[in-house]
Amino acid sequence: MLPIFVIAKITLQEGIRKKAVLGGVLLAAAFVTLYGLGMYFVMRDLNVPERFVNPDVFRDAVSGQLLAAALNVAGMLTALVAIFTSAGAIATEVEQNTLHAIIPKPLMRWQVLVGKCCGLGAMSAAFAIATTVALLTLTWLFAGFFSWSGLQSALLLGLLGILLSCVTVCASTLLSTLTAGVTVIMLYGLAMVGGMVEQLGVLLDNQVMQNIGIIASLLLPSDALWRMAAQRLNVQELAILAGGPFEGFSQPSLFMLAWALLYITFAVLLGVRVFARKDL
Amino acid sequence: MPELAVTTQQLRKVYGTTPAVASLDLAVPTGEIFGFLGPNGAGKSTCVKMLLGLVFPTGGSGTLLGAPLGDHRIKARIGFLPEQFRFHEWFTAREFLDFHGQLYGMSGKQRKRHIADVLALVNLERAAAQQLRTFSKGMLQRIGIAQAVLHDPELIFLDEPTSALDPIGRRLVRDIIRQLKAEKKTVFLNSHLLSEVEAVCDRVAIIQRGEVVRDGTLDELLASRRLLDVQAQGMSESTLERVKARWELAAHEGNRLTLALTDPDDVPHVVSMLVAAGAAVHHVELRHESLEDLFVRTVDDTGA
């Protein structure tokens with residue numbers, strides 16, 4: 001087996017054993033269960049106003065709003081799992097000298113770093129996709145609302161997990177475990193606030209505010225990825241519950257998707273460069 | 001196979017403005033057990049880390065098995081037990097060795113056979129299915145040695161391999177090192193336990209502030225000086241002064257003194273001088289200098 005896959009496999013196995021992942025999975029399970037219950041009761045007790053000729057449109061709109069709100073939470077949970085599991089990927093192993101037994105083996109340092117990105121990225125992506133698919137399934141079961149593009153949303157949230165894992169692993173080559181985690185969480189928060197400012201800017205027709213949001217997305221395209229995921233569900237027009245009152249006015253272009261992929265590549269390359277020169 | 005398994009030329013590491021290794025010149029012949037000694041902070045671990053690619057040298061050069069430092073092709077022929085080793089403790093012993101076997105690029109068949117062999121070698125067969133977190137320090141050190149020799153390397157670095165072991169464990173490691181020597185392997189042993197080093201090493205180097213201050217085969221280093229332990233009552237200050245004027249006083253405590261002799265035939269002269277001065281001589285023993293004596297003398301002479 002290639003060294004990258006050996007490292008990726010071991011990283012994945014180790015990540016699954018971590019309490020942060022277990023906590024994330026338990027929280028996600030509780031959240032999905034609550035969502036299912038909520039959706040069930042809303043659909044059972046929903047009174048469709050008489051002015052709606054086709055009650056299915058109203059029901060789809062309500063379930064869509066709930067789904068968009070749930071997707072926002074799924075995005076946040078994915079971010080937390082990705083950041084907490086990746087913050088110590090290199091830093092903790094340097095602090096604990098675990099790498100001393102690995103680096104002298106016949107493999108290159110870049111293979112260790114890329115293997116860790118692959119393992120942690122796969123874990124975060126699997127978490128995001130599983131959570132999103134569970135939400136879509138419950139929505140279909142209880143509300144009868146289904147959209148194939150929801151699977152694209154799941155993949156986009158998976159990409160969000162990969163993005164944050166790779167960025168955090170990169171930070172972990174430069175900073176201590178705690179500092180790396182805090183730094184990426186702050187960056188993630190900044191991007192989220194930037195996204196809200198951008199939406200307000202669209203609402204108020206203020207170009208400066210819109211530019212601030214775009215710059216925040218360039219700093220870390222996590223919020224842009226989440227909004228693209230919500231857009232794929234075709235629920236953003238009514239999703240006033242989703243991530244505050246400002247979702248749904250402006251949607252990121254495909255350029256942001258390309259930027260996210262480039263960003264992941266840059267983060268991995270920077271991590272490789274720093275790790276290749278690091279004294280252990 | 002090259003004649004020298006490890007060489008360094010003016011190998012240097014500086015952290016900021018502080019030199020951890022000033023300028024290290026080493027030559028370790030292939031097939032020998034080499035003891036790498038020095039007081040705390042002398043730069044031993046930094047040197048080992050530079051040889052193994054964990055730390056990048058500030059200057060100088062070196063070779064491992066004839067290849068320049070940093071050549072990745074050579075890594076498959078090298079084994080390493082780190083000093084402050086920490087392993088993934090959720091592994092069982094067998095899983096742990098399997099993981100390291102995969103990193104060495106061993107096939108499934110090879111891993112199966114070698115894992116059974118090394119578990120037997122370090123006497124951990126019964127703990128094969130046990131998680132590492134349940135291991136004692138000594139067991140962890142033994143499984144660490146197992147991963148270092150798993151792939152049948154030609155050159156093995158052991159950094160403090162017996163620090164956590166009880167006397168039985170130490171004997172086991174001593175036997176493993178002797179077995180490796182019998183298989184013509186080269187062992188680079190970094191240890192504070194001088195009696196262990198003396199028992200197994202062919203050659204040693206003592207470093208101080210990142211420079212070799214003494215090196216050679218143990219026979220050369222220890223045969224050149226004889227020590228005479230004397231226990232005598234009634235030695236006056238003037239008697240001691242007369243003894244010191246003629247021979248080197250290596251140690252003195254109460255009624256015991258140790259003299260360094262260049263000529264073993266001086267023993268009767270020492271005894272005669274003490275008796276003539278009125279001292280009652282109870283015990284006299286001529287012995288070779290131990291590695292510990294040599295180490296302490298070298299470190300004292302070079303100003304630790």
# chains A, B, ... in the order shown; residues from 1 in each chain; ligands from 1

call {"tool": "residues_around", "arguments": {"residues": "Gly35 of chain B", "least_positions_apart": "6", "cutoff": "6 Å", "atoms": "only C-alpha atoms", "output": "ChimeraX atom specification"}}
result
/B:189-190,201,204

call {"tool": "select_by_dssp", "arguments": {"residues": "segment 90-210 of chain A", "states": "alpha helix (DSSP H)", "output": "MDAnalysis selection string"}}
result
chainID A and resid 91:95 109:143 149:174 177:204 207:210

call {"tool": "write_last_selection", "arguments": {"atoms": "C-alpha atoms", "output": "short mmCIF file (atom, residue, chain, number, x, y, z; two decimals), in the first residue's frame"}}
result
data_model
loop_
_atom_site.label_atom_id
_atom_site.label_comp_id
_atom_site.auth_asym_id
_atom_site.auth_seq_id
_atom_site.Cartn_x
_atom_site.Cartn_y
_atom_site.Cartn_z
CA ALA A 91 1.13 19.96 16.13
CA THR A 92 0.11 17.28 18.65
CA GLU A 93 2.27 14.66 16.98
CA VAL A 94 5.23 17.06 17.14
CA GLU A 95 4.50 17.86 20.80
CA ARG A 109 7.29 14.17 4.69
CA TRP A 110 4.83 15.41 2.07
CA GLN A 111 3.28 11.94 1.99
CA VAL A 112 2.65 12.15 5.74
CA LEU A 113 0.96 15.54 5.40
CA VAL A 114 -1.08 14.65 2.32
CA GLY A 115 -2.09 11.34 3.95
CA LYS A 116 -3.34 13.23 7.00
CA CYS A 117 -5.29 15.68 4.81
CA CYS A 118 -6.84 12.74 2.94
CA GLY A 119 -7.82 10.87 6.12
CA LEU A 120 -9.20 13.88 7.97
CA GLY A 121 -10.84 15.33 4.85
CA ALA A 122 -12.54 12.00 4.13
CA MET A 123 -13.81 11.79 7.71
CA SER A 124 -15.20 15.35 7.71
CA ALA A 125 -16.74 14.89 4.27
CA ALA A 126 -18.35 11.60 5.30
CA PHE A 127 -19.76 13.29 8.42
CA ALA A 128 -21.20 16.18 6.37
CA ILE A 129 -22.64 13.95 3.66
CA ALA A 130 -24.17 11.47 6.13
CA THR A 131 -25.78 14.29 8.15
CA THR A 132 -27.15 16.01 5.04
CA VAL A 133 -28.46 12.77 3.53
CA ALA A 134 -30.18 11.98 6.85
CA LEU A 135 -31.84 15.42 6.80
CA LEU A 136 -32.93 14.97 3.16
CA THR A 137 -34.31 11.51 3.89
CA LEU A 138 -36.37 12.72 6.88
CA THR A 139 -37.68 15.65 4.84
CA TRP A 140 -38.75 13.25 2.09
CA LEU A 141 -40.33 10.83 4.59
CA PHE A 142 -42.34 13.37 6.57
CA ALA A 143 -42.90 16.20 4.09
CA SER A 149 -30.01 18.48 -6.25
CA GLY A 150 -30.06 17.91 -2.49
CA LEU A 151 -27.31 15.38 -3.16
CA GLN A 152 -25.26 18.21 -4.66
CA SER A 153 -25.85 20.08 -1.40
CA ALA A 154 -24.49 17.08 0.49
CA LEU A 155 -21.39 17.03 -1.73
CA LEU A 156 -20.87 20.77 -1.29
CA LEU A 157 -21.04 20.39 2.50
CA GLY A 158 -18.61 17.49 2.13
CA LEU A 159 -16.30 19.87 0.27
CA LEU A 160 -16.72 22.32 3.17
CA GLY A 161 -15.47 19.58 5.52
CA ILE A 162 -12.48 18.87 3.27
CA LEU A 163 -11.68 22.58 2.99
CA LEU A 164 -11.69 23.15 6.74
CA SER A 165 -9.75 19.93 7.44
CA CYS A 166 -7.00 20.88 4.98
CA VAL A 167 -6.79 24.48 6.21
CA THR A 168 -6.59 23.30 9.82
CA VAL A 169 -3.91 20.69 9.02
CA CYS A 170 -1.94 23.46 7.31
CA ALA A 171 -2.37 25.69 10.40
CA SER A 172 -1.26 22.73 12.52
CA THR A 173 2.15 22.71 10.78
CA LEU A 174 2.69 26.34 11.80
CA THR A 177 -2.84 22.59 18.53
CA LEU A 178 -4.92 25.10 20.47
CA THR A 179 -3.78 28.11 18.45
CA ALA A 180 -4.40 26.32 15.15
CA GLY A 181 -7.95 25.36 16.22
CA VAL A 182 -8.81 28.83 17.52
CA THR A 183 -7.33 30.54 14.44
CA VAL A 184 -9.38 28.49 11.96
CA ILE A 185 -12.56 28.84 14.03
CA MET A 186 -12.07 32.61 14.00
CA LEU A 187 -11.47 32.54 10.26
CA TYR A 188 -14.63 30.47 9.83
CA GLY A 189 -16.60 32.96 11.97
CA LEU A 190 -15.17 35.85 9.97
CA ALA A 191 -16.29 34.26 6.70
CA MET A 192 -19.77 33.65 8.16
CA VAL A 193 -20.15 37.26 9.33
CA GLY A 194 -18.73 38.42 6.00
CA GLY A 195 -21.42 36.40 4.24
CA MET A 196 -24.14 38.09 6.32
CA VAL A 197 -22.68 41.54 5.60
CA GLU A 198 -22.71 40.71 1.91
CA GLN A 199 -26.38 39.70 2.06
CA LEU A 200 -27.21 42.93 3.89
CA GLY A 201 -25.27 44.79 1.24
CA VAL A 202 -27.45 43.22 -1.46
CA LEU A 203 -30.58 44.11 0.49
CA LEU A 204 -29.46 47.72 0.98
CA GLN A 207 -21.53 47.89 -2.84
CA VAL A 208 -18.97 48.35 -0.02
CA MET A 209 -20.80 45.83 2.16
CA GLN A 210 -21.01 43.42 -0.74
#

call {"tool": "closest_atom_pairs", "arguments": {"of": "chain B", "to": "chain A", "cutoff": "10 Å", "atoms": "only C-alpha atoms", "output": "JSON lines"}}
result
{"residue": "B:Thr46", "atom": "CA", "partner": "A:Leu280", "partner_atom": "CA", "distance": 9.8}
{"residue": "B:Lys49", "atom": "CA", "partner": "A:Leu280", "partner_atom": "CA", "distance": 8.1}
{"residue": "B:Met50", "atom": "CA", "partner": "A:Asp279", "partner_atom": "CA", "distance": 9.2}
{"residue": "B:Leu51", "atom": "CA", "partner": "A:Pro104", "partner_atom": "CA", "distance": 9.5}
{"residue": "B:Leu52", "atom": "CA", "partner": "A:Pro104", "partner_atom": "CA", "distance": 5.7}
{"residue": "B:Gly53", "atom": "CA", "partner": "A:Pro104", "partner_atom": "CA", "distance": 6.6}
{"residue": "B:Leu54", "atom": "CA", "partner": "A:Leu280", "partner_atom": "CA", "distance": 5.3}
{"residue": "B:Val55", "atom": "CA", "partner": "A:Asp279", "partner_atom": "CA", "distance": 4.4}
{"residue": "B:Phe56", "atom": "CA", "partner": "A:Asp279", "partner_atom": "CA", "distance": 6.3}
{"residue": "B:Pro57", "atom": "CA", "partner": "A:Asp279", "partner_atom": "CA", "distance": 9.5}
{"residue": "B:Gly70", "atom": "CA", "partner": "A:Pro104", "partner_atom": "CA", "distance": 9.8}
{"residue": "B:Asp71", "atom": "CA", "partner": "A:Pro106", "partner_atom": "CA", "distance": 9.8}
{"residue": "B:His72", "atom": "CA", "partner": "A:Pro106", "partner_atom": "CA", "distance": 6.2}
{"residue": "B:Arg73", "atom": "CA", "partner": "A:Pro106", "partner_atom": "CA", "distance": 7.0}
{"residue": "B:Ile74", "atom": "CA", "partner": "A:Pro106", "partner_atom": "CA", "distance": 7.7}
{"residue": "B:Lys75", "atom": "CA", "partner": "A:Pro106", "partner_atom": "CA", "distance": 4.8}
{"residue": "B:Ala76", "atom": "CA", "partner": "A:Pro106", "partner_atom": "CA", "distance": 5.2}
{"residue": "B:Arg77", "atom": "CA", "partner": "A:Pro106", "partner_atom": "CA", "distance": 8.7}
{"residue": "B:Ile78", "atom": "CA", "partner": "A:Lys105", "partner_atom": "CA", "distance": 7.9}
{"residue": "B:Gly79", "atom": "CA", "partner": "A:Lys105", "partner_atom": "CA", "distance": 7.9}
{"residue": "B:Phe80", "atom": "CA", "partner": "A:Ala101", "partner_atom": "CA", "distance": 7.0}
{"residue": "B:Leu81", "atom": "CA", "partner": "A:Ala101", "partner_atom": "CA", "distance": 7.0}
{"residue": "B:Pro82", "atom": "CA", "partner": "A:His100", "partner_atom": "CA", "distance": 6.2}
{"residue": "B:Glu83", "atom": "CA", "partner": "A:His100", "partner_atom": "CA", "distance": 8.8}
{"residue": "B:Gln84", "atom": "CA", "partner": "A:Asn97", "partner_atom": "CA", "distance": 6.7}
{"residue": "B:Phe85", "atom": "CA", "partner": "A:Asn97", "partner_atom": "CA", "distance": 6.3}
{"residue": "B:Arg86", "atom": "CA", "partner": "A:Thr98", "partner_atom": "CA", "distance": 5.0}
{"residue": "B:Phe87", "atom": "CA", "partner": "A:Thr98", "partner_atom": "CA", "distance": 5.7}
{"residue": "B:His88", "atom": "CA", "partner": "A:Thr98", "partner_atom": "CA", "distance": 7.5}
{"residue": "B:Glu89", "atom": "CA", "partner": "A:Glu14", "partner_atom": "CA", "distance": 9.9}
{"residue": "B:Trp90", "atom": "CA", "partner": "A:Glu14", "partner_atom": "CA", "distance": 8.1}
{"residue": "B:Phe91", "atom": "CA", "partner": "A:Glu14", "partner_atom": "CA", "distance": 9.4}
{"residue": "B:Phe99", "atom": "CA", "partner": "A:Val6", "partner_atom": "CA", "distance": 7.6}
{"residue": "B:His100", "atom": "CA", "partner": "A:Ile102", "partner_atom": "CA", "distance": 7.9}
{"residue": "B:Gly101", "atom": "CA", "partner": "A:Lys105", "partner_atom": "CA", "distance": 9.6}
{"residue": "B:Gln102", "atom": "CA", "partner": "A:Met1", "partner_atom": "CA", "distance": 6.9}
{"residue": "B:Leu103", "atom": "CA", "partner": "A:Pro3", "partner_atom": "CA", "distance": 6.0}
{"residue": "B:Tyr104", "atom": "CA", "partner": "A:Pro106", "partner_atom": "CA", "distance": 5.9}
{"residue": "B:Gly105", "atom": "CA", "partner": "A:Met1", "partner_atom": "CA", "distance": 7.4}
{"residue": "B:Met106", "atom": "CA", "partner": "A:Met1", "partner_atom": "CA", "distance": 9.0}
{"residue": "B:Ser107", "atom": "CA", "partner": "A:Met1", "partner_atom": "CA", "distance": 8.6}
{"residue": "B:Gly108", "atom": "CA", "partner": "A:Met1", "partner_atom": "CA", "distance": 9.8}
{"residue": "B:Gly144", "atom": "CA", "partner": "A:Ala101", "partner_atom": "CA", "distance": 8.6}
{"residue": "B:Gln147", "atom": "CA", "partner": "A:Ala101", "partner_atom": "CA", "distance": 8.8}
{"residue": "B:Ala148", "atom": "CA", "partner": "A:Ala101", "partner_atom": "CA", "distance": 8.6}

call {"tool": "atom_distance", "arguments": {"atom1": "atom CA of Val212 of chain B", "atom2": "atom CA of Leu26 of chain B"}}
result
7.7 Å

call {"tool": "residues_around", "arguments": {"residues": "Leu121 of chain B", "least_positions_apart": "2", "cutoff": "10 Å", "atoms": "only C-alpha atoms", "output": "JSON, numbers by chain"}}
result
{"B": [115, 116, 117, 118, 119, 123, 124, 125, 142, 143, 145, 146, 149, 172, 173, 175, 176]}

call {"tool": "write_last_selection", "arguments": {"atoms": "all heavy atoms", "output": "tab-separated table (two decimals), in the first residue's frame"}}
result
chain	number	residue	atom	x	y	z
B	115	ILE	N	6.57	-10.11	12.05
B	115	ILE	CA	5.92	-9.68	13.29
B	115	ILE	C	6.01	-10.79	14.34
B	115	ILE	O	6.35	-10.55	15.50
B	115	ILE	CB	4.45	-9.26	13.04
B	115	ILE	CG1	4.42	-7.91	12.32
B	115	ILE	CG2	3.66	-9.16	14.36
B	115	ILE	CD1	3.06	-7.50	11.80
B	116	ALA	N	5.75	-12.02	13.90
B	116	ALA	CA	5.85	-13.15	14.83
B	116	ALA	C	7.27	-13.27	15.37
B	116	ALA	O	7.49	-13.48	16.57
B	116	ALA	CB	5.43	-14.43	14.12
B	117	ASP	N	8.25	-13.06	14.48
B	117	ASP	CA	9.66	-13.18	14.88
B	117	ASP	C	10.05	-12.12	15.91
B	117	ASP	O	10.67	-12.43	16.92
B	117	ASP	CB	10.59	-13.05	13.65
B	117	ASP	CG	10.50	-14.27	12.75
B	117	ASP	OD1	9.94	-15.29	13.19
B	117	ASP	OD2	10.97	-14.19	11.60
B	118	VAL	N	9.67	-10.86	15.62
B	118	VAL	CA	10.14	-9.79	16.53
B	118	VAL	C	9.37	-9.81	17.85
B	118	VAL	O	9.93	-9.44	18.89
B	118	VAL	CB	10.08	-8.38	15.89
B	118	VAL	CG1	11.06	-8.27	14.75
B	118	VAL	CG2	8.68	-7.99	15.46
B	119	LEU	N	8.11	-10.24	17.81
B	119	LEU	CA	7.38	-10.37	19.07
B	119	LEU	C	8.06	-11.41	19.97
B	119	LEU	O	8.18	-11.22	21.18
B	119	LEU	CB	5.92	-10.76	18.82
B	119	LEU	CG	4.99	-9.63	18.39
B	119	LEU	CD1	3.63	-10.17	17.97
B	119	LEU	CD2	4.81	-8.59	19.50
B	123	ASN	N	10.10	-10.83	23.52
B	123	ASN	CA	9.36	-11.56	24.55
B	123	ASN	C	7.97	-10.94	24.82
B	123	ASN	O	7.57	-10.77	25.98
B	123	ASN	CB	10.20	-11.59	25.83
B	123	ASN	CG	9.78	-12.71	26.75
B	123	ASN	OD1	9.05	-13.61	26.33
B	123	ASN	ND2	10.21	-12.65	28.01
B	124	LEU	N	7.27	-10.60	23.75
B	124	LEU	CA	5.93	-10.00	23.91
B	124	LEU	C	4.86	-10.80	23.14
B	124	LEU	O	3.81	-10.26	22.79
B	124	LEU	CB	5.93	-8.55	23.41
B	124	LEU	CG	6.56	-7.51	24.33
B	124	LEU	CD1	6.64	-6.14	23.64
B	124	LEU	CD2	5.80	-7.37	25.65
B	125	GLU	N	5.14	-12.08	22.90
B	125	GLU	CA	4.18	-12.87	22.13
B	125	GLU	C	2.81	-12.91	22.80
B	125	GLU	O	1.78	-12.81	22.15
B	125	GLU	CB	4.69	-14.31	21.98
B	125	GLU	CG	5.95	-14.43	21.17
B	125	GLU	CD	6.85	-15.50	21.72
B	125	GLU	OE1	7.32	-15.34	22.87
B	125	GLU	OE2	7.09	-16.48	21.01
B	142	ARG	N	10.14	-2.22	24.74
B	142	ARG	CA	10.43	-3.45	23.99
B	142	ARG	C	9.70	-3.49	22.65
B	142	ARG	O	10.25	-3.91	21.64
B	142	ARG	CB	10.08	-4.68	24.84
B	142	ARG	CG	11.18	-4.98	25.86
B	142	ARG	CD	10.94	-6.28	26.54
B	142	ARG	NE	10.01	-6.16	27.65
B	142	ARG	CZ	9.20	-7.12	28.05
B	142	ARG	NH1	9.17	-8.28	27.43
B	142	ARG	NH2	8.40	-6.93	29.07
B	143	ILE	N	8.45	-3.03	22.65
B	143	ILE	CA	7.72	-3.02	21.37
B	143	ILE	C	8.35	-1.99	20.43
B	143	ILE	O	8.34	-2.15	19.20
B	143	ILE	CB	6.19	-2.77	21.57
B	143	ILE	CG1	5.39	-3.24	20.34
B	143	ILE	CG2	5.87	-1.32	21.81
B	143	ILE	CD1	5.25	-4.70	20.22
B	145	ILE	N	11.56	-1.39	20.31
B	145	ILE	CA	12.72	-2.07	19.73
B	145	ILE	C	12.25	-3.02	18.62
B	145	ILE	O	12.87	-3.11	17.56
B	145	ILE	CB	13.49	-2.85	20.83
B	145	ILE	CG1	14.14	-1.85	21.79
B	145	ILE	CG2	14.55	-3.76	20.22
B	145	ILE	CD1	14.71	-2.47	23.04
B	146	ALA	N	11.10	-3.66	18.86
B	146	ALA	CA	10.56	-4.59	17.84
B	146	ALA	C	10.29	-3.85	16.54
B	146	ALA	O	10.62	-4.36	15.45
B	146	ALA	CB	9.28	-5.25	18.37
B	149	VAL	N	13.52	-3.14	14.52
B	149	VAL	CA	14.23	-4.24	13.83
B	149	VAL	C	13.30	-5.08	12.95
B	149	VAL	O	13.72	-6.08	12.37
B	149	VAL	CB	14.97	-5.15	14.85
B	149	VAL	CG1	16.00	-4.35	15.63
B	149	VAL	CG2	14.00	-5.82	15.81
B	172	LEU	N	17.71	-8.65	28.34
B	172	LEU	CA	17.09	-9.02	27.06
B	172	LEU	C	17.60	-8.12	25.94
B	172	LEU	O	17.96	-8.59	24.85
B	172	LEU	CB	15.56	-8.91	27.20
B	172	LEU	CG	14.76	-9.22	25.95
B	172	LEU	CD1	14.64	-10.72	25.76
B	172	LEU	CD2	13.37	-8.63	26.02
B	173	VAL	N	17.63	-6.81	26.22
B	173	VAL	CA	18.08	-5.87	25.19
B	173	VAL	C	19.56	-6.09	24.87
B	173	VAL	O	19.97	-6.04	23.70
B	173	VAL	CB	17.82	-4.41	25.65
B	173	VAL	CG1	18.47	-3.42	24.69
B	173	VAL	CG2	16.33	-4.15	25.74
B	175	ASP	N	21.10	-8.87	25.02
B	175	ASP	CA	21.16	-10.08	24.18
B	175	ASP	C	20.75	-9.77	22.74
B	175	ASP	O	21.33	-10.29	21.79
B	175	ASP	CB	20.26	-11.18	24.75
B	175	ASP	CG	20.82	-11.73	26.07
B	175	ASP	OD1	22.02	-11.47	26.34
B	175	ASP	OD2	20.06	-12.38	26.81
B	176	ILE	N	19.71	-8.91	22.60
B	176	ILE	CA	19.25	-8.54	21.25
B	176	ILE	C	20.39	-7.81	20.51
B	176	ILE	O	20.67	-8.09	19.34
B	176	ILE	CB	17.99	-7.64	21.32
B	176	ILE	CG1	16.80	-8.45	21.83
B	176	ILE	CG2	17.68	-7.03	19.96
B	176	ILE	CD1	15.57	-7.61	22.14

call {"tool": "residues_around", "arguments": {"residues": "Gln9 of chain B", "least_positions_apart": "3", "cutoff": "10 Å", "atoms": "only C-alpha atoms", "output": "list in words"}}
result
Arg12, Ser23, Leu24, Asp25, Leu26, Ala27, Gly59, Gly60, Ser61, Gly62 and Thr63 of chain B

call {"tool": "select_by_dssp", "arguments": {"residues": "segment 93-290 of chain B", "states": "strand (DSSP E)", "output": "MDAnalysis selection string"}}
result
chainID B and resid 155:159 186:190 203:208 211:217 226:233 248:253 256:261 280:288

call {"tool": "atom_distance", "arguments": {"atom1": "atom CA of Ile168 of chain B", "atom2": "atom CA of Lys137 of chain B"}}
result
13.7 Å

call {"tool": "closest_residue", "arguments": {"among": "B:Ser236, B:Ser136, B:Gln208, B:Thr217", "to": "Leu37 of chain B", "atoms": "only C-alpha atoms"}}
result
B:Gln208

call {"tool": "atom_distance", "arguments": {"atom1": "atom CA of Asp159 of chain B", "atom2": "atom CA of Leu193 of chain B"}}
result
11.3 Å

call {"tool": "residues_around", "arguments": {"residues": "segment 70-72 of chain A", "least_positions_apart": "4", "cutoff": "9 Å", "atoms": "only C-alpha atoms", "output": "list in words"}}
result
Phe31, Val32, Tyr35, Gln65, Leu66, Met76, Leu77, Thr131, Thr132, Leu135, Ser153, Leu157, Trp226, Arg227, Ala229, Ala230, Ala242 and Gly243 of chain A

call {"tool": "write_last_selection", "arguments": {"atoms": "N, CA, C and O atoms", "output": "mmCIF file, in the first residue's frame"}}
result
data_model
loop_
_atom_site.group_PDB
_atom_site.id
_atom_site.type_symbol
_atom_site.label_atom_id
_atom_site.label_comp_id
_atom_site.auth_asym_id
_atom_site.auth_seq_id
_atom_site.Cartn_x
_atom_site.Cartn_y
_atom_site.Cartn_z
ATOM 1 N N PHE A 31 -29.405 15.955 16.810
ATOM 2 C CA PHE A 31 -29.926 17.044 15.978
ATOM 3 C C PHE A 31 -30.832 16.499 14.865
ATOM 4 O O PHE A 31 -31.937 17.008 14.630
ATOM 5 N N VAL A 32 -30.388 15.436 14.205
ATOM 6 C CA VAL A 32 -31.178 14.838 13.122
ATOM 7 C C VAL A 32 -32.494 14.290 13.678
ATOM 8 O O VAL A 32 -33.562 14.459 13.069
ATOM 9 N N TYR A 35 -34.744 17.163 14.397
ATOM 10 C CA TYR A 35 -35.221 17.686 13.120
ATOM 11 C C TYR A 35 -36.367 16.819 12.577
ATOM 12 O O TYR A 35 -37.397 17.322 12.131
ATOM 13 N N GLN A 65 -37.886 25.605 4.147
ATOM 14 C CA GLN A 65 -37.296 26.531 5.133
ATOM 15 C C GLN A 65 -36.665 25.770 6.285
ATOM 16 O O GLN A 65 -35.547 26.081 6.726
ATOM 17 N N LEU A 66 -37.384 24.768 6.762
ATOM 18 C CA LEU A 66 -36.847 23.967 7.863
ATOM 19 C C LEU A 66 -35.555 23.266 7.438
ATOM 20 O O LEU A 66 -34.577 23.211 8.177
ATOM 21 N N MET A 76 -22.379 23.964 10.370
ATOM 22 C CA MET A 76 -21.616 24.352 11.571
ATOM 23 C C MET A 76 -21.023 23.125 12.260
ATOM 24 O O MET A 76 -19.870 23.135 12.700
ATOM 25 N N LEU A 77 -21.849 22.067 12.368
ATOM 26 C CA LEU A 77 -21.347 20.836 13.002
ATOM 27 C C LEU A 77 -20.169 20.270 12.206
ATOM 28 O O LEU A 77 -19.157 19.844 12.781
ATOM 29 N N THR A 131 -24.811 13.423 7.446
ATOM 30 C CA THR A 131 -25.776 14.289 8.147
ATOM 31 C C THR A 131 -26.778 14.885 7.152
ATOM 32 O O THR A 131 -27.995 14.879 7.389
ATOM 33 N N THR A 132 -26.267 15.382 6.038
ATOM 34 C CA THR A 132 -27.147 16.011 5.040
ATOM 35 C C THR A 132 -28.106 14.984 4.437
ATOM 36 O O THR A 132 -29.306 15.265 4.269
ATOM 37 N N LEU A 135 -30.861 14.317 6.796
ATOM 38 C CA LEU A 135 -31.844 15.417 6.801
ATOM 39 C C LEU A 135 -32.750 15.337 5.572
ATOM 40 O O LEU A 135 -33.979 15.499 5.665
ATOM 41 N N SER A 153 -26.046 19.347 -2.671
ATOM 42 C CA SER A 153 -25.846 20.079 -1.402
ATOM 43 C C SER A 153 -24.974 19.258 -0.467
ATOM 44 O O SER A 153 -24.064 19.788 0.178
ATOM 45 N N LEU A 157 -21.383 20.362 1.067
ATOM 46 C CA LEU A 157 -21.041 20.387 2.498
ATOM 47 C C LEU A 157 -19.857 19.458 2.774
ATOM 48 O O LEU A 157 -19.026 19.731 3.641
ATOM 49 N N TRP A 226 -21.362 26.983 1.881
ATOM 50 C CA TRP A 226 -22.643 26.681 2.533
ATOM 51 C C TRP A 226 -23.800 27.282 1.738
ATOM 52 O O TRP A 226 -24.830 26.630 1.524
ATOM 53 N N ARG A 227 -23.608 28.541 1.277
ATOM 54 C CA ARG A 227 -24.715 29.172 0.541
ATOM 55 C C ARG A 227 -24.977 28.481 -0.801
ATOM 56 O O ARG A 227 -26.099 28.374 -1.258
ATOM 57 N N ALA A 229 -24.582 25.299 -1.204
ATOM 58 C CA ALA A 229 -25.298 24.070 -0.825
ATOM 59 C C ALA A 229 -26.784 24.363 -0.620
ATOM 60 O O ALA A 229 -27.653 23.609 -1.082
ATOM 61 N N ALA A 230 -27.084 25.486 0.043
ATOM 62 C CA ALA A 230 -28.488 25.860 0.281
ATOM 63 C C ALA A 230 -29.182 26.175 -1.045
ATOM 64 O O ALA A 230 -30.347 25.826 -1.265
ATOM 65 N N ALA A 242 -33.035 30.284 7.661
ATOM 66 C CA ALA A 242 -31.837 29.483 7.447
ATOM 67 C C ALA A 242 -30.643 29.930 8.272
ATOM 68 O O ALA A 242 -30.223 29.256 9.160
ATOM 69 N N GLY A 243 -30.031 30.997 8.002
ATOM 70 C CA GLY A 243 -28.833 31.360 8.749
ATOM 71 C C GLY A 243 -28.966 32.788 9.197
ATOM 72 O O GLY A 243 -28.050 33.563 9.016
#
